[in-house]
Each structure stands twice: as C-alpha cells, then as structure tokens.
Amino acid sequence: MSDLLLVRHGETAWSANGRHTGLTDVPLTARGADEALSLAPYFRDRDPALVLTSPLSRAVATAELAGLTDGVPDPDLHEWDYGGYEGITTAEIQRTRPDWSLWTDGVPPGDARHPGEDAAQVGARADRVLARAAEVLRAGKGDVVLVAHGHFLRVLTARYLGLPPEAGRLFLLRTGTVSELSTEHGLPVIAGWNTRP
C-alpha cells in the first residue's frame, strides 16, 4: 500500500527561536542539517513514486540531505505567508494582542512580498497538493513524499482527514521529522507522527 509521507524541514535559526518563517528563505542550522541527515536511513530502502518539495531552500536542502535527490519543487508547498507577522514570534504578537492565534485570527497584510494568507487560502493550496498526490497514490506505484513546513503540513494533515484548515492546530509538528498519512478500511488515518529514525 502506498502512503503519503510528510517531512518537515530541519531546524533553522528562526524556527529555533519561534519566529514565524513564511516566505523568508532562511537556511538550515548545523543542527537542522544533522536532523535532515538523520532521516536518510528512513528513506534508504524506499523508492517513492513522487517527491515534491517546497521551493524554499530549507526544504530543498532537507530533501537532499535525507537522500531524496529527485525532489520536484512545488510552489503550493511553501509555508503559510505570515504577512505583517513574518519574522515575529507569537510572544511578541501577544504583547499587543494577548489572545491572538494564527489559527483563528490570521495575520495582517505585510509588504508586497508578504501579503499574508488566511487558513482557508493555505487550505486551498493543501487541497491542490493532495489532489496531485492522490493521482499518484491511486496508481499504486509507491509512496508520495512531501518536504515542506510546519504550519503548512499541519493544515494539509487536517484537510487529508476531512477537517477544516484551522484544525491543523491539533497536530504539533517538530523539525526534522517524518509523519505518515495512510488509509484504513478506505478511510484516511495518521499512521505515524513526528518520527525520527
């Protein structure tokens, strides 16, 4: 049976200190590179039918270090566009908006490079990725691997399970991990989460 494997990129300086890292192209830290390398044994004996990566360098580098050298960049896999909150931590935001949550309150618009997205927009991108993956999975030629970002993959998981995008808040996703979405009796399930080999 073919599954959908989700890889969150390794640690970056911004992910390490909780800064919202959407479209800013922040590289992996040394620890992040080690996290990515640690995933290589997981993929050593696998032959995925398709590997898609976010076009951002932290995801591309993670894929390559994990041994997924044939990844195809897919612009729909980029991280949530945090708009005016790009590069800012939740704690900093909550100094002026104490009850703020990305999942329910969204983000203010930023500059032209960071216009911002709401959960529904991220969910629409996730739905497009899931539709592309479903075509390959239905063909039964092997797993589909998606190498991307924490919030985006959480939204994608919610959509895979038939939940609204905002339900992604339920799925904490750590850097440098593999998670597995599968089916049981024809229904979507989480078969593994936050795995490190």
# chains A, B, ... in the order shown; residues from 1 in each chain; ligands from 1

$ residues_around --residues "Pro73 of chain A" --least-positions-apart "4" --cutoff "6 Å" --atoms "only C-alpha atoms" --output "MDAnalysis selection string"
chainID A and resid 52:55

$ write_last_selection --atoms "C-alpha atoms" --output "PDB file, in the first residue's frame"
ATOM      1  CA  LEU A  52       7.633  17.169  -4.006  1.00  0.00           C
ATOM      2  CA  THR A  53       9.416  19.922  -2.079  1.00  0.00           C
ATOM      3  CA  SER A  54       8.688  23.467  -1.130  1.00  0.00           C
ATOM      4  CA  PRO A  55      10.805  25.758  -3.328  1.00  0.00           C
TER       5      PRO A  55
END

$ residues_around --residues "Pro48 of chain A" --least-positions-apart "3" --cutoff "12 Å" --atoms "only C-alpha atoms" --output "number ranges by chain"
A: 1-5, 42-45, 51-52, 67-71, 133, 136-137, 140-146

$ residues_around --residues "segment 193-197 of chain A" --least-positions-apart "3" --cutoff "12 Å" --atoms "only C-alpha atoms" --output "number ranges by chain"
A: 4-10, 34-44, 66, 150, 153-154, 157, 171-182, 189-190

$ atom_distance --atom1 "atom CA of Val155 of chain A" --atom2 "atom CA of Ala124 of chain A"
9.7 Å
